[in-house]
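A.B. asks: So that we are looking at the same thing, I have put the structure below in structure tokens.
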Amino acid sequence: MSTRSLAAWSASGLVIALSTNNPVYRVVVLLCALNLLLARGRRGSGTRILLVGIGIACLIATLLTLLLSHTGQHVLVRLPAGIPAIGGPLTLEALAFGLATGLGIAAALLAVAPLTLVSQPHELVDALPSPLARTGAALGAALNLIPGTLRSAAEIREAQRMRGWRARRVADWPAVAVPVVLTAIEGSMTLAEAMESRAYGTSARTHFSIQRWAPYDTLVSVTALLGVAGFLALVATGGAPGWFPFPALSAPAISVPALLCCALLVVPSLRVWH
Amino acid sequence: MPTLSFAGLHYTYPEAASRALDGVDLEIDFGLTLLTGASGSGKSTLLRVCNGLIPHFHGGVIGGSARVLDRDVIRTPTRELARDVGFVFQDPELQAVYPSVERDVAFGLENLGVARGEMLRRVGDALEMCGIVHLRSRAVGTLSGGERQRLALAGVLAMRPRLLVLDEPLSQLDPEGSAALLGALHAAVQGGTMALVAEHRHHLVLERADRCLLMAGGRVTPCAPDGPVQPAPARARQDAPASSELSWRLHQVTAGPAGVAVLHDLDLAGGTGEVVALTGANGSGKTTLLRTIAGLLPPLAGSVERRPGRIAYLPQNPSALLHRATVRTEIDWTLRRTHAAGRADAMLEEMGLAAVAERDPRDLSSGQRQRVALAAVLAGDPSLVLLDEPTRGMDDAARTALTAALARVAERGGSAVLATHDPQLVAAAATRVVDLGDGVARVRRPLVEAVR
């Protein structure tokens with residue numbers, strides 16, 4: 001699958017997730033994205049860490065909405081009014097709205113996650129349009145420095161510990177922070193020297209790896225773009241109603257055409273599972 | 001017209017008080033040229049003039065004439081010179097631009113706008129020349145130091161340079177890695193590329209070099225006809241003192257970073273007055289062993305014993321330690337933190353750093369930095385000294401100073417463990433050699449046999 005068609009797919013999923021507060025459509029986007037990640041995610045790319053992070057973000061969003069929004073007819077519990085900000089009734093409506101907000105965050109993050117969890121960083125760089133190719137190469141090289149900087153930070157902490165360093169107060173930290181920063185700067189200077197020495201910036205770049213655009217990529221891109229265009233048109237004309245649980249909780253309305261537009265995002269996963 | 005021609009070349013770094021190059025006159029036309037000289041003598045500076053990193057990248061004041069392949073270096077940007085001049089840096093970790101081997105070799109060709117078919121051919125040729133075709137699809141992060149340095153050379157050779165410049169390319173490589181890199185370099189020279197190599201481990205390069213140059217005080221002179229002087233080992237101890245007490249002991253230790261065992265069921269001990277050299281290929285577990293002895297890496301199984309007292313630890317990267325404004329305050333910091341007696345002056349003298357005591361350690365050459373880092377960890381009379389590749393980028397004088405410092409540690413009743421690829425250091429300082437391979441300390445050879 002070409003990185004460019006994946007980018008078109010991700011953008012479509014992101015726009016749908018952010019253009020509605022109806023949890024049904026968000027769930028469809030989320031399931032399509034999750035399916036794609038499970039089917040195509042690179043091994044060791046950090047999918048599990050991402051999912052844990054998203055789960056925590058959803059939990060925080062739900063809790064904040066539940067604790068801070070005191071409106072709604074169905075009261076679950078009342079906190080003493082004297083407690084600043086969170087004191088007062090905690091309602092079922094607030095809980096539902098919090099869950100829907102968390103769902104939106106999860107759907108949006110999962111929609112863009114395949115860009116880094118399915119594609120390699122250098123494939124993303126290669127997918128940039130020609131005017132951005134040089135900047136992309138520099139960005140890719142900079143990303144390459146991150147693991148080394150993390151290793152060096154751990155090494156520096158160890159080395160200073162052996163010289164008697166202990167982290168007791170703020171004033172102790174420069175002994176670690178200064179070498180970490182300076183080493184990172186020196187590392188980037190050396191990398192810049194190495195890039196310059198290998199003719200970086202000389203002329204129009206060519207690409208070693210060509211991302212082939214297959215008919216399947218056309219199918220993925222066209223269905224994703226059709227899906228988002230159709231969904232936005234339905235939202236604009238009232239054909240894809242949103243959802244608001246206040247003052248009394250109600251089930252979200254479902255529009256079959258809008259649901260079908262969202263479901264078009266399942267195309268990349270279908271081929272993999274097949 | 002010579003390939004490389006410098007006349008009256010002088011250069012001063014920005015904000016520096018004195019010239020780094022002070023009237024270099026040099027003409028080289030073909031073959032392999034070895035450039036030697038003490039740390040801080042100006043070797044790296046001279047090499048960086050060859051591809052225009054000096055003055056175009058570093059700034060500063062340059063004068064005289066510098067022509068490479070009939071181009072005026074002072075007026076031609078580095079990226080243009082890069083079409084004909086390839087440069088390999090000392091640190092193999094900091095040269096890779098892309099995360100995969102094949103892509104990284106192609107980086108320079110992409111910049112030159114080479115067509116894809118030609119690019120594929122040249123990448124294949126370069127990988128073959130450097131003997132790393134089998135690594136073609138590997139991730140750069142999984143390569144050993146030696147493999148990375150050969151990757152850096154392949155990336156440069158793919159661009160088919162007419163002049164190849166290498167700055168301390170062997171300083172972090174084990175003997176096998178060094179031999180492979182030199183083989184690739186030799187093949188390039190046989191193919192008509194001219195090479196200029198700065199290297200402290202000059203004995204490795206000398207036998208294949210067409211000429212040898214000595215850099216001193218910012219000037220270049222020819223070496224003696226038989227090459228640079230090879231100092232005799234300053235001291236060669238054969239045995240640990242008979243009365244030595246236990247300094248450290250590993251009992252049935254299995255150890256490795258991130259829970260992955262690199263060393264298995266290791267039983268090893270060192271006594272007071274002993275200097276143990278750990279040898280073995282890149283990735284054999286020398287650093288893991290040092291960190292385990294130091295207590296920085298808890299063993300996965302087994303136990304570690306240490307005699308009470310301060311442990312001095314030098315990591316592979318000397319920059320990891322340096323954070324003070326001057327060399328002197330860097331040493332003072334250790335003395336203060338460890339509540340140790342003693343003054344920085346003695347250590348400055350011992351390590352030959354008195355002349356640079358008031359300079360910022362990060363403004364020094366890599367060899368001088370290594371010495372500052374050593375002085376910083378050895379200050380305060382530690383009872384156990386653990387050094388990871390302590391002679392990286394060091395000149396002969398600094399190695400001699402280190403050997404003397406280790407001798408003093410041993411005579412005082414301390415002990416030391418060195419992870420090193422440097423046979424000269426092993427010969428001069430070690431009382432025992434432990435070879436690591438496949439995670440096992442298989443052989444504990446007496447010194448004479450190990451050096452042979």
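Here's how to read the names in the structure tokens: chain A, B, ... by the order shown, residue numbers from 1 in each chain, ligand numbers from 1 in the order shown.
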Within 12 Å of B:Pro308, counting only C-alpha atoms, which residues qualify if same-chain residues fewer than 6 places away don't, as a VMD selection string?
C.D. replies: chain B and resid 246 to 248 272 294 382 to 384 414
A.B. asks: Give me a file of those residues, with C-alpha atoms, as an mmCIF file, in the first residue's frame.
C.D. replies:
```
data_model
loop_
_atom_site.group_PDB
_atom_site.id
_atom_site.type_symbol
_atom_site.label_atom_id
_atom_site.label_comp_id
_atom_site.auth_asym_id
_atom_site.auth_seq_id
_atom_site.Cartn_x
_atom_site.Cartn_y
_atom_site.Cartn_z
ATOM 1 C CA LEU B 246 39.964 -9.681 46.179
ATOM 2 C CA SER B 247 38.836 -6.410 44.605
ATOM 3 C CA TRP B 248 35.796 -7.609 42.677
ATOM 4 C CA THR B 272 44.095 -5.538 44.254
ATOM 5 C CA ALA B 294 30.333 -1.099 38.388
ATOM 6 C CA PRO B 382 39.497 5.477 43.288
ATOM 7 C CA SER B 383 39.928 1.914 44.526
ATOM 8 C CA LEU B 384 38.451 0.310 41.410
ATOM 9 C CA GLY B 414 43.620 -0.333 43.681
#
```
A.B. asks: Give as a ChimeraX atom specification every residue of chain B that touches chain A within 6 Å, counting only C-alpha atoms.
C.D. replies: /B:79,82,94-95,97,108,110-111,113,116,320,323,334,337-338
A.B. asks: Fewer than 6 positions away in the same chain doesn't count, so skip those; otherwise give me all residues within 7 Å of stretch 67-77 of chain B, counting only C-alpha atoms, as a PDB file with C-alpha atoms, in the first residue's frame.
C.D. replies:
```
ATOM      1  CA  THR B   3      45.095  16.073  -6.726  1.00  0.00           C
ATOM      2  CA  LEU B   4      45.587  17.996  -3.541  1.00  0.00           C
ATOM      3  CA  SER B   5      47.656  21.150  -3.296  1.00  0.00           C
ATOM      4  CA  PHE B   6      47.934  23.442  -0.260  1.00  0.00           C
ATOM      5  CA  CYS B  50      39.938  18.951   1.851  1.00  0.00           C
ATOM      6  CA  GLY B  52      35.515  22.537   2.317  1.00  0.00           C
ATOM      7  CA  PRO B  55      35.787  27.209   6.055  1.00  0.00           C
ATOM      8  CA  HIS B  56      32.235  26.820   4.671  1.00  0.00           C
TER       9      HIS B  56
END
```
A.B. asks: Leaving out B:Pro175 and any residue of its chain fewer than 2 positions from it, which residues lie within 9 Å of it when counting only C-alpha atoms, given as JSON, numbers by chain?
C.D. replies: {"B": [170, 173, 177, 178, 179, 180, 280, 281, 421, 422]}
A.B. asks: Identify, with DSSP run on backbone atoms, the residues in stretch 33-249 of chain A assigned to strand (DSSP E), and express the list as a list in words.
C.D. replies: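 Of stretch 33-249 of chain A, only Val75, Leu76, Val77, Arg78, Leu79, Gly88, Pro89, Leu90 and Thr91 of chain A fall in strand (DSSP E).
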A.B. asks: Using C-alpha atoms, can you write the selected residues to a file as a PDB file, in the first residue's frame?
C.D. replies:
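Once everything was written out, this is again-v3.pdb:
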```pdb
ATOM      1  CA  VAL A  75     -28.048  12.020  38.757  1.00  0.00           C
ATOM      2  CA  LEU A  76     -25.698   9.154  39.537  1.00  0.00           C
ATOM      3  CA  VAL A  77     -24.126  10.582  42.679  1.00  0.00           C
ATOM      4  CA  ARG A  78     -23.787  13.940  44.439  1.00  0.00           C
ATOM      5  CA  LEU A  79     -20.415  15.190  45.674  1.00  0.00           C
ATOM      6  CA  GLY A  88     -22.343  18.887  42.861  1.00  0.00           C
ATOM      7  CA  PRO A  89     -24.340  16.265  40.947  1.00  0.00           C
ATOM      8  CA  LEU A  90     -22.514  13.818  38.648  1.00  0.00           C
ATOM      9  CA  THR A  91     -24.930  12.795  35.905  1.00  0.00           C
TER      10      THR A  91
END
```
A.B. asks: Tell me which protein, DNA and RNA residues are within 6 Å of stretch 295-299 of chain B, counting only C-alpha atoms, leaving out same-chain ones fewer than 2 positions away, and put them as a ChimeraX atom specification.
C.D. replies: /B:254-255,291-293,301
A.B. asks: Go ahead and save the picked residues with C-alpha atoms, as a tab-separated table (two decimals), in the first residue's frame.
C.D. replies:
```
chain	number	residue	atom	x	y	z
B	254	THR	CA	24.31	-13.73	33.65
B	255	ALA	CA	23.90	-10.14	32.51
B	291	ARG	CA	28.68	-1.93	33.84
B	292	THR	CA	27.89	-5.07	35.79
B	293	ILE	CA	31.08	-4.80	37.83
B	301	ALA	CA	21.38	-14.04	37.66
```
A.B. asks: So that I can see what lies close to A:Ala253, please list as a ChimeraX atom specification the residues with an atom at most 9 Å from it, counting only C-alpha atoms and leaving out residues fewer than 4 positions away in the same chain.
C.D. replies: /A:22,24,240-243
A.B. asks: Between atom CA of A:Ala81 and atom CA of A:Leu63, what distance in Å does the model show, to one decimal?
C.D. replies: 17.8 Å
A.B. asks: At what distance in Å, to one decimal, does atom CA of B:Gln90 lie from atom CA of B:Thr78?
C.D. replies: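 Computed distance, atom CA of B:Thr78 to atom CA of B:Gln90, equals 18.4 Å.
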